[in-house]
Structures are given as C-alpha cells and as structure tokens.
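Visitor: Contents of entry12.cif (mmCIF, C-alpha atoms and all ligand atoms) are below:
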```cif
data_entry
loop_
_atom_site.label_atom_id
_atom_site.label_comp_id
_atom_site.auth_asym_id
_atom_site.auth_seq_id
_atom_site.Cartn_x
_atom_site.Cartn_y
_atom_site.Cartn_z
CA MET A 67 -27.11 1.21 5.06
CA PHE A 68 -23.57 0.32 3.99
CA CYS A 69 -23.87 2.92 1.28
CA SER A 70 -24.68 5.79 3.62
CA SER A 71 -22.08 4.90 6.25
CA VAL A 72 -19.41 4.83 3.56
CA SER A 73 -20.30 8.23 2.18
CA LYS A 74 -20.54 9.80 5.64
CA SER A 75 -17.21 8.61 6.87
CA ILE A 76 -15.07 9.40 3.82
CA SER A 77 -13.56 12.85 3.70
CA PHE A 78 -10.75 14.32 1.72
CA ALA A 79 -7.55 16.22 2.20
CA ALA A 80 -9.14 19.20 0.49
CA ASN A 81 -10.25 20.17 4.00
CA LEU A 82 -6.68 20.91 4.97
CA LYS A 83 -7.56 22.27 8.38
CA ASN A 84 -8.86 18.84 9.39
CA ILE A 85 -5.70 17.02 8.44
CA ASN A 86 -4.16 15.13 11.32
CA MET A 87 -0.43 14.77 11.09
CA SER A 88 -0.03 11.28 12.39
CA LEU A 89 0.57 8.92 9.47
CA VAL A 90 4.13 7.73 8.95
CA VAL A 91 4.86 5.80 5.74
CA VAL A 92 7.95 3.68 5.15
CA GLY A 93 8.66 2.20 1.72
CA SER A 94 10.90 2.07 -1.30
CA MET A 95 11.19 5.03 -3.66
CA ALA A 96 12.39 3.75 -6.97
CA PHE A 97 12.87 3.76 -10.69
CA ASP A 98 10.77 1.09 -12.42
CA ALA A 99 10.83 -0.27 -15.96
CA ILE A 100 7.64 -2.09 -16.87
CA GLU A 101 6.59 -4.34 -19.70
CA THR A 102 2.96 -5.26 -20.24
CA PRO A 103 1.22 -6.93 -23.20
CA PHE A 104 0.16 -3.36 -24.16
CA GLY A 105 3.46 -1.56 -23.99
CA LYS A 106 6.75 -0.87 -22.35
CA SER A 107 7.88 2.02 -20.17
CA ASP A 108 11.32 3.58 -19.90
CA LYS A 109 12.66 4.13 -16.40
CA ILE A 110 9.78 5.78 -14.60
CA ILE A 111 9.19 6.83 -11.01
CA GLY A 112 7.95 4.00 -8.82
CA GLY A 113 8.49 2.39 -5.46
CA ALA A 114 6.07 1.18 -2.82
CA GLY A 115 6.54 4.29 -0.66
CA THR A 116 5.97 6.56 -3.66
CA PHE A 117 2.65 4.92 -4.59
CA ILE A 118 1.51 4.96 -0.96
CA ALA A 119 2.37 8.65 -0.58
CA TRP A 120 0.64 9.69 -3.83
CA CYS A 121 -2.46 7.81 -2.77
CA ALA A 122 -2.61 8.58 0.97
CA SER A 123 -2.01 12.29 0.49
CA ASN A 124 -5.50 12.55 -1.01
CA PHE A 125 -6.86 11.91 2.48
CA THR A 126 -4.31 12.99 5.07
CA ALA A 127 -0.82 14.39 5.55
CA VAL A 128 2.04 11.90 5.28
CA LYS A 129 5.44 11.69 6.95
CA GLN A 130 7.65 9.70 4.64
CA ILE A 131 10.67 7.51 5.48
CA SER A 132 12.77 6.24 2.57
CA VAL A 133 16.06 6.60 0.73
CA VAL A 134 16.93 7.70 -2.81
CA GLY A 135 20.14 8.20 -4.74
CA GLY A 136 21.50 11.40 -6.28
CA ASP A 137 19.84 10.37 -9.57
CA PHE A 138 16.31 10.74 -8.16
CA PRO A 139 14.74 13.92 -9.59
CA GLN A 140 14.41 16.75 -7.07
CA SER A 141 11.26 17.81 -8.95
CA GLU A 142 9.59 14.52 -7.88
CA LEU A 143 10.40 15.21 -4.24
CA ASP A 144 9.13 18.78 -4.59
CA LEU A 145 5.85 17.54 -6.06
CA LEU A 146 5.31 15.28 -3.05
CA THR A 147 6.06 18.17 -0.71
CA THR A 148 3.31 20.24 -2.33
CA ARG A 149 0.93 17.40 -1.50
CA ASN A 150 1.62 17.55 2.23
CA VAL A 151 4.14 14.71 2.18
CA ASP A 152 6.84 15.54 4.73
CA LEU A 153 10.22 14.31 3.43
CA GLU A 154 12.36 14.95 6.51
CA GLY A 155 12.74 11.18 6.89
CA VAL A 156 13.85 10.63 3.26
CA GLN A 157 17.62 10.29 2.95
CA ILE A 158 19.30 11.40 -0.28
CA LYS A 159 22.56 9.55 -0.95
CA LYS A 160 24.12 11.89 -3.49
CA ASP A 161 26.81 9.46 -4.69
CA GLU A 162 24.63 6.36 -4.94
CA LYS A 163 21.91 5.06 -7.23
CA THR A 164 18.21 4.81 -6.50
CA PHE A 165 16.61 1.37 -6.09
CA PHE A 166 15.67 -0.07 -9.51
CA TRP A 167 13.03 -2.66 -10.26
CA SER A 168 11.88 -4.08 -13.56
CA GLY A 169 8.97 -6.42 -14.19
CA LYS A 170 7.09 -8.05 -17.03
CA TYR A 171 3.40 -8.88 -16.87
CA HIS A 172 1.84 -11.97 -18.43
CA MET A 173 -1.19 -11.75 -20.71
CA ASP A 174 -3.66 -12.15 -17.80
CA MET A 175 -2.01 -9.17 -16.03
CA ASN A 176 -2.43 -10.98 -12.69
CA THR A 177 0.99 -12.57 -12.76
CA ARG A 178 4.35 -11.02 -13.44
CA ASP A 179 8.00 -11.90 -13.51
CA THR A 180 10.54 -9.73 -11.79
CA LEU A 181 13.29 -9.15 -14.36
CA VAL A 182 15.67 -7.00 -12.30
CA THR A 183 15.97 -5.96 -8.66
CA GLU A 184 18.91 -3.62 -8.04
CA LEU A 185 18.83 -2.71 -4.37
CA ASN A 186 21.46 0.09 -4.71
CA VAL A 187 20.72 2.61 -1.89
CA LEU A 188 18.42 0.09 -0.19
CA GLU A 189 21.31 -2.26 0.42
CA ASN A 190 22.70 -0.42 3.44
CA PHE A 191 19.75 1.77 4.30
CA GLN A 192 19.51 2.65 7.97
CA PRO A 193 16.38 4.69 8.51
CA VAL A 194 16.43 7.48 11.08
CA VAL A 195 13.05 8.46 12.46
CA PRO A 196 12.98 12.27 12.85
CA ASP A 197 11.82 13.67 16.19
CA SER A 198 8.86 15.30 14.47
CA TYR A 199 7.63 11.83 13.44
CA GLN A 200 7.48 10.55 17.04
CA ASP A 201 4.02 9.96 18.55
CA CYS A 202 2.54 9.07 15.18
CA GLU A 203 -0.69 7.16 15.59
CA PHE A 204 -0.56 5.22 12.33
CA LEU A 205 2.42 3.50 10.78
CA MET A 206 2.38 2.03 7.26
CA LEU A 207 5.31 -0.27 6.63
CA GLY A 208 5.31 -0.45 2.85
CA ASN A 209 7.32 -3.03 0.98
CA LEU A 210 10.97 -2.75 2.02
CA VAL A 211 13.80 -4.69 3.67
CA PRO A 212 12.09 -6.36 6.69
CA ALA A 213 14.93 -5.33 9.05
CA VAL A 214 14.44 -1.71 7.97
CA GLN A 215 10.73 -1.99 8.66
CA SER A 216 11.33 -3.34 12.19
CA SER A 217 14.03 -0.75 12.86
CA VAL A 218 11.42 1.98 12.37
CA ILE A 219 9.11 0.33 14.91
CA ASP A 220 12.04 0.03 17.35
CA GLN A 221 12.85 3.74 17.02
CA LEU A 222 9.35 4.93 17.88
CA ARG A 223 9.14 5.90 21.57
CA THR A 224 5.40 5.21 21.71
CA ARG A 225 3.80 2.32 19.89
CA PRO A 226 1.43 3.63 17.20
CA LYS A 227 -2.27 2.92 17.53
CA LEU A 228 -2.04 0.72 14.41
CA ILE A 229 0.88 -0.75 12.48
CA VAL A 230 0.11 -2.08 9.00
CA MET A 231 2.71 -3.99 7.01
CA ASP A 232 3.04 -4.97 3.36
CA THR A 233 5.75 -7.24 1.97
CA MET A 234 6.48 -9.45 -1.02
CA ASN A 235 7.81 -12.85 -2.13
CA PHE A 236 11.30 -11.39 -2.73
CA TRP A 237 11.82 -10.97 1.05
CA MET A 238 10.35 -14.43 1.75
CA GLU A 239 13.06 -15.84 -0.48
CA ILE A 240 16.06 -13.96 0.92
CA ALA A 241 15.16 -12.81 4.45
CA MET A 242 12.49 -15.11 5.91
CA ASP A 243 13.75 -14.93 9.52
CA ASP A 244 13.83 -11.12 9.57
CA LEU A 245 10.49 -11.07 7.82
CA LYS A 246 8.84 -13.31 10.44
CA LYS A 247 10.30 -11.16 13.22
CA THR A 248 8.81 -8.00 11.68
CA ILE A 249 5.49 -9.72 11.03
CA SER A 250 5.31 -10.63 14.73
CA MET A 251 5.45 -6.89 15.60
CA VAL A 252 2.54 -5.60 13.50
CA ASP A 253 -1.25 -5.43 13.80
CA VAL A 254 -2.22 -5.87 10.14
CA LEU A 255 -0.36 -7.82 7.48
CA MET A 256 -1.32 -7.42 3.84
CA VAL A 257 -0.02 -9.81 1.18
CA ASN A 258 -1.33 -11.10 -2.12
CA ASP A 259 -2.77 -14.59 -2.47
CA SER A 260 0.37 -16.31 -3.74
CA GLU A 261 2.47 -14.64 -1.03
CA ALA A 262 -0.05 -15.76 1.64
CA ARG A 263 0.33 -19.32 0.37
CA GLN A 264 4.13 -19.06 0.28
CA LEU A 265 4.35 -17.59 3.78
CA SER A 266 1.96 -20.07 5.39
CA GLY A 267 2.70 -23.15 3.30
CA ASP A 268 -1.06 -23.64 2.95
CA TYR A 269 -3.06 -23.43 -0.30
CA SER A 270 -6.37 -22.63 1.42
CA LEU A 271 -6.51 -18.86 1.92
CA VAL A 272 -8.66 -19.27 5.03
CA ARG A 273 -6.13 -21.55 6.67
CA ALA A 274 -3.27 -19.39 5.36
CA ALA A 275 -4.81 -16.35 7.08
CA GLN A 276 -5.17 -18.32 10.33
CA LYS A 277 -1.53 -19.40 10.17
CA ILE A 278 -0.32 -15.87 9.42
CA SER A 279 -2.43 -14.50 12.26
CA ALA A 280 -0.77 -17.01 14.59
CA MET A 281 2.56 -15.33 13.66
CA GLY A 282 1.34 -12.08 15.29
CA PRO A 283 -0.96 -9.85 13.21
CA LYS A 284 -4.54 -9.73 14.53
CA TYR A 285 -5.76 -8.73 11.07
CA VAL A 286 -4.73 -10.31 7.78
CA ILE A 287 -5.61 -8.84 4.39
CA ILE A 288 -5.18 -11.03 1.33
CA LYS A 289 -5.20 -9.15 -1.98
CA LYS A 290 -6.43 -11.10 -4.98
CA GLY A 291 -5.80 -8.67 -7.83
CA GLU A 292 -8.79 -8.43 -10.14
CA HIS A 293 -10.72 -10.69 -7.73
CA GLY A 294 -10.74 -8.21 -4.84
CA ALA A 295 -9.47 -8.57 -1.29
CA LEU A 296 -10.26 -10.49 1.89
CA LEU A 297 -9.99 -9.21 5.46
CA PHE A 298 -9.65 -11.77 8.25
CA HIS A 299 -9.99 -11.03 11.97
CA ASP A 300 -10.75 -13.64 14.64
CA ASN A 301 -13.46 -15.70 13.01
CA LYS A 302 -14.76 -12.86 10.86
CA ILE A 303 -14.16 -12.49 7.12
CA PHE A 304 -14.99 -9.51 4.90
CA SER A 305 -14.78 -9.86 1.12
CA ALA A 306 -14.37 -6.76 -1.04
CA PRO A 307 -14.72 -6.80 -4.81
CA ALA A 308 -12.37 -5.27 -7.32
CA LEU A 309 -13.95 -3.04 -9.93
CA PRO A 310 -14.30 -4.97 -13.20
CA LEU A 311 -12.38 -2.75 -15.63
CA GLU A 312 -12.52 -2.94 -19.39
CA GLU A 313 -8.78 -2.57 -19.59
CA VAL A 314 -6.00 -2.97 -17.05
CA PHE A 315 -3.07 -1.05 -18.43
CA ASP A 316 -0.38 -1.54 -15.77
CA PRO A 317 -0.98 -3.22 -12.38
CA THR A 318 2.35 -2.02 -10.91
CA GLY A 319 1.82 -0.29 -7.59
CA ALA A 320 -1.82 -1.37 -7.25
CA GLY A 321 -1.03 -3.20 -4.00
CA ASP A 322 0.81 -0.19 -2.59
CA THR A 323 -1.96 2.16 -3.67
CA PHE A 324 -4.45 -0.15 -1.96
CA ALA A 325 -2.32 0.04 1.19
CA GLY A 326 -2.18 3.84 0.95
CA GLY A 327 -5.95 4.18 0.68
CA PHE A 328 -6.53 1.66 3.48
CA ILE A 329 -4.24 3.26 6.07
CA ALA A 330 -5.08 6.84 5.07
CA HIS A 331 -8.78 6.26 5.61
CA LEU A 332 -8.09 4.77 9.05
CA ALA A 333 -5.70 7.61 9.93
CA LYS A 334 -8.15 10.23 8.72
CA THR A 335 -11.04 8.80 10.74
CA ARG A 336 -8.83 7.58 13.64
CA ASP A 337 -11.15 4.58 13.96
CA ILE A 338 -9.58 1.12 13.87
CA SER A 339 -12.74 -0.93 14.35
CA PHE A 340 -13.37 -3.94 12.09
CA GLU A 341 -16.34 -2.07 10.58
CA ASN A 342 -14.18 0.90 9.64
CA MET A 343 -11.52 -1.43 8.23
CA LYS A 344 -14.17 -2.71 5.82
CA THR A 345 -14.69 0.86 4.59
CA ALA A 346 -10.92 1.34 4.43
CA ILE A 347 -10.64 -1.72 2.19
CA ILE A 348 -13.21 -0.25 -0.18
CA VAL A 349 -11.28 3.05 -0.24
CA GLY A 350 -8.04 1.14 -0.93
CA SER A 351 -9.69 -0.91 -3.68
CA ALA A 352 -11.14 2.20 -5.33
CA MET A 353 -7.75 3.92 -5.31
CA ALA A 354 -6.05 0.80 -6.71
CA SER A 355 -8.59 0.72 -9.55
CA PHE A 356 -7.30 4.14 -10.67
CA CYS A 357 -3.67 3.10 -10.38
CA VAL A 358 -3.95 0.34 -12.99
CA GLU A 359 -5.42 2.66 -15.64
CA LYS A 360 -2.05 4.16 -16.64
CA PHE A 361 1.66 3.43 -16.32
CA GLY A 362 3.27 3.88 -12.90
CA THR A 363 1.99 6.74 -10.74
CA GLU A 364 0.62 8.67 -13.73
CA ARG A 365 -3.08 8.17 -13.02
CA LEU A 366 -2.71 8.94 -9.31
CA ARG A 367 -1.17 12.32 -10.06
CA GLY A 368 -4.15 13.96 -11.71
CA LEU A 369 -6.91 12.59 -9.47
CA THR A 370 -9.61 14.90 -8.20
CA ASN A 371 -11.67 14.44 -5.05
CA GLU A 372 -14.81 14.19 -7.21
CA GLU A 373 -13.34 11.30 -9.20
CA ILE A 374 -12.41 9.51 -5.97
CA LYS A 375 -15.87 9.97 -4.46
CA ASP A 376 -17.54 8.74 -7.66
CA ARG A 377 -15.31 5.69 -7.83
CA ILE A 378 -16.03 4.78 -4.20
CA HIS A 379 -19.76 5.03 -4.87
CA GLN A 380 -19.34 2.77 -7.89
CA PHE A 381 -17.80 0.24 -5.52
CA VAL A 382 -20.65 0.50 -3.07
CA GLN A 383 -23.18 -0.07 -5.85
CA LEU A 384 -21.17 -2.98 -7.22
CA SER A 385 -21.84 -5.19 -4.22
CA SER A 386 -24.92 -3.78 -2.50
CA PHE A 387 -28.17 -5.71 -2.82
CA ASP A 388 -31.44 -6.25 -0.95
CA ILE A 389 -32.56 -9.67 0.08
CA ASN A 390 -35.77 -10.88 1.70
CA LEU A 391 -35.03 -14.14 3.42
CA ILE A 392 -37.93 -16.57 3.04
P1 LIG B 401 3.21 -3.73 -6.32
O1 LIG B 401 2.85 -3.77 -7.78
O2 LIG B 401 2.13 -3.10 -5.47
O3 LIG B 401 3.68 -5.04 -5.82
O4 LIG B 401 4.44 -2.74 -6.17
C1 LIG B 401 5.34 -2.44 -7.18
C2 LIG B 401 6.38 -1.49 -6.65
O5 LIG B 401 7.17 -2.15 -5.66
C3 LIG B 401 7.32 -1.03 -7.74
O6 LIG B 401 7.16 0.35 -7.94
C4 LIG B 401 8.72 -1.39 -7.24
O7 LIG B 401 9.62 -0.32 -7.33
C5 LIG B 401 8.51 -1.79 -5.80
N1 LIG B 401 9.32 -2.97 -5.45
C6 LIG B 401 9.57 -4.07 -6.23
N2 LIG B 401 10.35 -4.95 -5.58
C7 LIG B 401 10.63 -4.39 -4.37
C8 LIG B 401 11.40 -4.81 -3.24
N3 LIG B 401 12.04 -5.99 -3.23
N4 LIG B 401 11.45 -3.99 -2.17
C9 LIG B 401 10.80 -2.82 -2.17
N5 LIG B 401 10.05 -2.36 -3.19
C10 LIG B 401 9.96 -3.14 -4.29
#
```
Would you write out, as structure tokens, the structure that this file holds?
Ligand code: AMP

Guide:
Amino acid sequence: MFCSSVSKSISFAANLKNINMSLVVVGSMAFDAIETPFGKSDKIIGGAGTFIAWCASNFTAVKQISVVGGDFPQSELDLLTTRNVDLEGVQIKKDEKTFFWSGKYHMDMNTRDTLVTELNVLENFQPVVPDSYQDCEFLMLGNLVPAVQSSVIDQLRTRPKLIVMDTMNFWMEIAMDDLKKTISMVDVLMVNDSEARQLSGDYSLVRAAQKISAMGPKYVIIKKGEHGALLFHDNKIFSAPALPLEEVFDPTGAGDTFAGGFIAHLAKTRDISFENMKTAIIVGSAMASFCVEKFGTERLRGLTNEEIKDRIHQFVQLSSFDINLI
C-alpha cells in the first residue's frame, strides 16, 4: 500500500513540461573544506543553498536567493542554470569573498566540529526578492542568517502555501532572538537532534518537538543522521529510517539535501497533507543517502532519475512489512 502510493506520486524533472515554477530556495552558497577520518578536501563548492538546489532540481525548477563573492566560479553558477535553477536572486559581490566553512568529522561521522566560519559576503547580505519570484507557493529557508530568512518572508506579497525552515546551532549561539522570531513565522522547522535539544532545552525529542511547535511551526522534523528522521504534527509522529550504508564518506550537506528532496517533492505534487509529507521525508532521506557517498556535492551532480527511483524503492522495502495481529 505504502509502496504503491510512493511510486505513483514521485515524478521527476525529466518531464520538463510538468515543472511548476513555484519553489523559492534561500540558503548559503559557499566554499567548504572538510576533514573526515577517510580524507581531506581542499576548498570545494558547498553551502546549504547549493546542496538544496542540486537536489531539488531533480524534481522541480528552483528560484534561488543567495550571495557569493567574486571568487565564486561562474562555471558553477552556469551549471546550476542548466539545471533549471533561476539565479536572478543570487547577488554577486565582485570585490568580496564567498562564505567559507570548514568542519572536521569524528570517527562515528555523526558528530563534527566546526573549525572555521568566515561569514564574508553573508555578513551584510540583504536579500532582494525579484518580482518574478513573487507568488511562489513553496519557500525553503535553508540554513542562513535568521534575519535574512525572515526578510525574504517579509518581502513576499502573498504568503506561500508552505514555508519550511532549516537552521543550525551556530545561529542558536549568536542570534537566538532573531532565530525565534523567524521560527515563529514558518510552517515546518527542521533541525537535527542535538539542535532540537539545544533550542527547546529538553532532552526528550518528543517533548522538544512539542516545545518547538509551541514557538510557531505546526510541523517539526528532527533529523537523526544515520538513525533517520522524525516528523511531528499535532499528536502524530512518523518515523523514517536512514539507509544503512556500508560506508559514509562525507556527511556534509546531507541535512540540506534532505531539505531539498522534502520541499521539492511537496512543490512538485503541490500537496501539503501529512500523508504526502511522509513521502517527502522518504524522498529527502533517499537523496541524503546519495549525498554522503562522496565529498561535497559530487555525488549529487551525476545522479540519474533511474538511480533516484531505485534508491527510493530501496527505502520503501527497508521498512515495509506485513503483520497479522492476533
Ligand atoms: P549540513 O551538513 O547539512 O549541516 O550543511 C553543511 C553546509 O552548511 C556546508 O556546505 C556549509 O557551507 C553550510 N554552513 C555551515 N555553517 C553555516 C552557517 N552558519 N550558515 C549557513 N550555512 C552554513
């Protein structure tokens, strides 16, 4: 039952004529330097908005809002354009440097230390929502300065059908008031388990979700890395697995990729029911499972629709079972 509804409702951007143009994505575009127990990368392309765009563009067109410096390769922007990512809302500050982030993963690959965060162009970023982005139905606020995220909501003349927000501990530490204000404006908040605990001050994830929901979002998604994700709404909970992988190479961007798959599925199907959100979580989890297989955005770049469909079916099989209650 679950299996067939998932396969029926998932379609891909290959059918370009069916693309609806109503997903706006906001998020950092960055250079990352990553260290894992398996290796080290030089400065590579990263950023929450970049991962979301690479992922979501498999399902629907994307209108991107971000900022980069003059050092960001034009070829990277051109590649996104060929994937139906509209960059009218991406500012290029020729004389400034792109946001830079560096992190080091521990042996378990579930925890990491941030080594460097250089905000650079993000420091004074004032997003301008282009006219052609107005009337979007879906808004994905990827990880970024909370005041920038709320400024995008403020600039939209019509409230989108669904606003989803991601954030991270960094903003909880330096901009909690702004963060809480932005959280109060969105429909869905996604955070990882330690961020949920930090934000709510509660160790129990169930109580943490209740407390976060009381801040505004009707839906709360808690990502648990290799242990999957939880969706909370009213008194309902959905638990999605993560695909057990032999090897996790680099988890950077997995959360953003998850967000990209989640919102893109909802935007593609234009259905924001709890049932469809469950499917969207499976799509997000499947996409995130690709992301971790290589450094940075590398694995997302070469993905085919067939690979995505196969991976989603693997997910369905992973947790489907029959039971005859005695
Ligand atoms: P994730 O692994 O899903 O948490 O996302 C990692 C990505 O987030 C990296 O590509 C970073 O460039 C980006 N990132 C790290 N810190 C921040 C921050 N404070 N604001 C915006 N993006 C960030």

Visitor: Check every protein, DNA and RNA residue against ligand LIG 401 (chain B), keep those with an atom at most 10 Å away (counting all atoms listed in the file), and present them as a ChimeraX atom specification.

Guide: /A:93-100,110-118,165-169,178,180,182-185,188,208-212,232-238,240,257-258,291,316-325,354,357-358,362-363

Visitor: Would you save the residues from that selection as an mmCIF file, in the frame of the given file, using C-alpha atoms?

Guide:
```
data_model
loop_
_atom_site.group_PDB
_atom_site.id
_atom_site.type_symbol
_atom_site.label_atom_id
_atom_site.label_comp_id
_atom_site.auth_asym_id
_atom_site.auth_seq_id
_atom_site.Cartn_x
_atom_site.Cartn_y
_atom_site.Cartn_z
ATOM 1 C CA GLY A 93 8.660 2.200 1.720
ATOM 2 C CA SER A 94 10.900 2.070 -1.300
ATOM 3 C CA MET A 95 11.190 5.030 -3.660
ATOM 4 C CA ALA A 96 12.390 3.750 -6.970
ATOM 5 C CA PHE A 97 12.870 3.760 -10.690
ATOM 6 C CA ASP A 98 10.770 1.090 -12.420
ATOM 7 C CA ALA A 99 10.830 -0.270 -15.960
ATOM 8 C CA ILE A 100 7.640 -2.090 -16.870
ATOM 9 C CA ILE A 110 9.780 5.780 -14.600
ATOM 10 C CA ILE A 111 9.190 6.830 -11.010
ATOM 11 C CA GLY A 112 7.950 4.000 -8.820
ATOM 12 C CA GLY A 113 8.490 2.390 -5.460
ATOM 13 C CA ALA A 114 6.070 1.180 -2.820
ATOM 14 C CA GLY A 115 6.540 4.290 -0.660
ATOM 15 C CA THR A 116 5.970 6.560 -3.660
ATOM 16 C CA PHE A 117 2.650 4.920 -4.590
ATOM 17 C CA ILE A 118 1.510 4.960 -0.960
ATOM 18 C CA PHE A 165 16.610 1.370 -6.090
ATOM 19 C CA PHE A 166 15.670 -0.070 -9.510
ATOM 20 C CA TRP A 167 13.030 -2.660 -10.260
ATOM 21 C CA SER A 168 11.880 -4.080 -13.560
ATOM 22 C CA GLY A 169 8.970 -6.420 -14.190
ATOM 23 C CA ARG A 178 4.350 -11.020 -13.440
ATOM 24 C CA THR A 180 10.540 -9.730 -11.790
ATOM 25 C CA VAL A 182 15.670 -7.000 -12.300
ATOM 26 C CA THR A 183 15.970 -5.960 -8.660
ATOM 27 C CA GLU A 184 18.910 -3.620 -8.040
ATOM 28 C CA LEU A 185 18.830 -2.710 -4.370
ATOM 29 C CA LEU A 188 18.420 0.090 -0.190
ATOM 30 C CA GLY A 208 5.310 -0.450 2.850
ATOM 31 C CA ASN A 209 7.320 -3.030 0.980
ATOM 32 C CA LEU A 210 10.970 -2.750 2.020
ATOM 33 C CA VAL A 211 13.800 -4.690 3.670
ATOM 34 C CA PRO A 212 12.090 -6.360 6.690
ATOM 35 C CA ASP A 232 3.040 -4.970 3.360
ATOM 36 C CA THR A 233 5.750 -7.240 1.970
ATOM 37 C CA MET A 234 6.480 -9.450 -1.020
ATOM 38 C CA ASN A 235 7.810 -12.850 -2.130
ATOM 39 C CA PHE A 236 11.300 -11.390 -2.730
ATOM 40 C CA TRP A 237 11.820 -10.970 1.050
ATOM 41 C CA MET A 238 10.350 -14.430 1.750
ATOM 42 C CA ILE A 240 16.060 -13.960 0.920
ATOM 43 C CA VAL A 257 -0.020 -9.810 1.180
ATOM 44 C CA ASN A 258 -1.330 -11.100 -2.120
ATOM 45 C CA GLY A 291 -5.800 -8.670 -7.830
ATOM 46 C CA ASP A 316 -0.380 -1.540 -15.770
ATOM 47 C CA PRO A 317 -0.980 -3.220 -12.380
ATOM 48 C CA THR A 318 2.350 -2.020 -10.910
ATOM 49 C CA GLY A 319 1.820 -0.290 -7.590
ATOM 50 C CA ALA A 320 -1.820 -1.370 -7.250
ATOM 51 C CA GLY A 321 -1.030 -3.200 -4.000
ATOM 52 C CA ASP A 322 0.810 -0.190 -2.590
ATOM 53 C CA THR A 323 -1.960 2.160 -3.670
ATOM 54 C CA PHE A 324 -4.450 -0.150 -1.960
ATOM 55 C CA ALA A 325 -2.320 0.040 1.190
ATOM 56 C CA ALA A 354 -6.050 0.800 -6.710
ATOM 57 C CA CYS A 357 -3.670 3.100 -10.380
ATOM 58 C CA VAL A 358 -3.950 0.340 -12.990
ATOM 59 C CA GLY A 362 3.270 3.880 -12.900
ATOM 60 C CA THR A 363 1.990 6.740 -10.740
#
```

Visitor: So, counting all atoms listed in the file, which residue among A:Ile288, A:Ile303, A:Tyr171, A:Met206 is closest to Lys106 (chain A)?

Guide: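 Under the stated criterion, the closest residue is A:Tyr171.
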
Visitor: Quick one: everything within 7 Å of region 267-277 of chain A, counting all atoms listed in the file, minus sequence neighbours fewer than 4 positions away in the same chain. Send it as a PyMOL selection string.

Guide: chain A and resi 262-263+281+286+298

Visitor: Nearest residue to Val252 (chain A) out of A:Pro283, A:Gly326, A:Pro226, A:Pro103, using all atoms listed in the file?

Guide: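 Ranked by minimum distance to Val252 (chain A), first place goes to A:Pro283.
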
Visitor: For a quick check of understanding, using all atoms listed in the file, which of A:Thr224, A:Gln200, A:Ser217, A:Thr102 has the smallest distance to Met173 (chain A)?

Guide: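 Closest residue, counting all atoms listed in the file: A:Thr102.
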
Visitor: Within 10 Å of Ile374 (chain A), counting all atoms listed in the file, which residues qualify if same-chain residues fewer than 2 places away don't, as a PyMOL selection string?

Guide: chain A and resi 78+124+349+352-353+356+369-372+376-380

Visitor: Restrict the selected residues to C-alpha atoms and save them as a JSON list (two decimals), in the coordinates of the input.

Guide:
```json
[["chain", "number", "residue", "atom", "x", "y", "z"],
["A", 78, "PHE", "CA", -10.75, 14.32, 1.72],
["A", 124, "ASN", "CA", -5.50, 12.55, -1.01],
["A", 349, "VAL", "CA", -11.28, 3.05, -0.24],
["A", 352, "ALA", "CA", -11.14, 2.20, -5.33],
["A", 353, "MET", "CA", -7.75, 3.92, -5.31],
["A", 356, "PHE", "CA", -7.30, 4.14, -10.67],
["A", 369, "LEU", "CA", -6.91, 12.59, -9.47],
["A", 370, "THR", "CA", -9.61, 14.90, -8.20],
["A", 371, "ASN", "CA", -11.67, 14.44, -5.05],
["A", 372, "GLU", "CA", -14.81, 14.19, -7.21],
["A", 376, "ASP", "CA", -17.54, 8.74, -7.66],
["A", 377, "ARG", "CA", -15.31, 5.69, -7.83],
["A", 378, "ILE", "CA", -16.03, 4.78, -4.20],
["A", 379, "HIS", "CA", -19.76, 5.03, -4.87],
["A", 380, "GLN", "CA", -19.34, 2.77, -7.89]]
```

Visitor: Kindly give the distance, in Å, that separates CA of Leu265 (chain A) and CA of His172 (chain A), rounded to a single decimal.

Guide: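 Computed distance, CA of Leu265 (chain A) to CA of His172 (chain A), equals 23.0 Å.
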
Visitor: With a distance cut-off of 7 Å and all atoms listed in the file, select the neighbouring residues of region 189-198 of chain A, excluding the residue or stretch itself and same-chain residues fewer than 3 positions from it, and output the selection as a PyMOL selection string.

Guide: chain A and resi 154-155+185-186+214+218+221
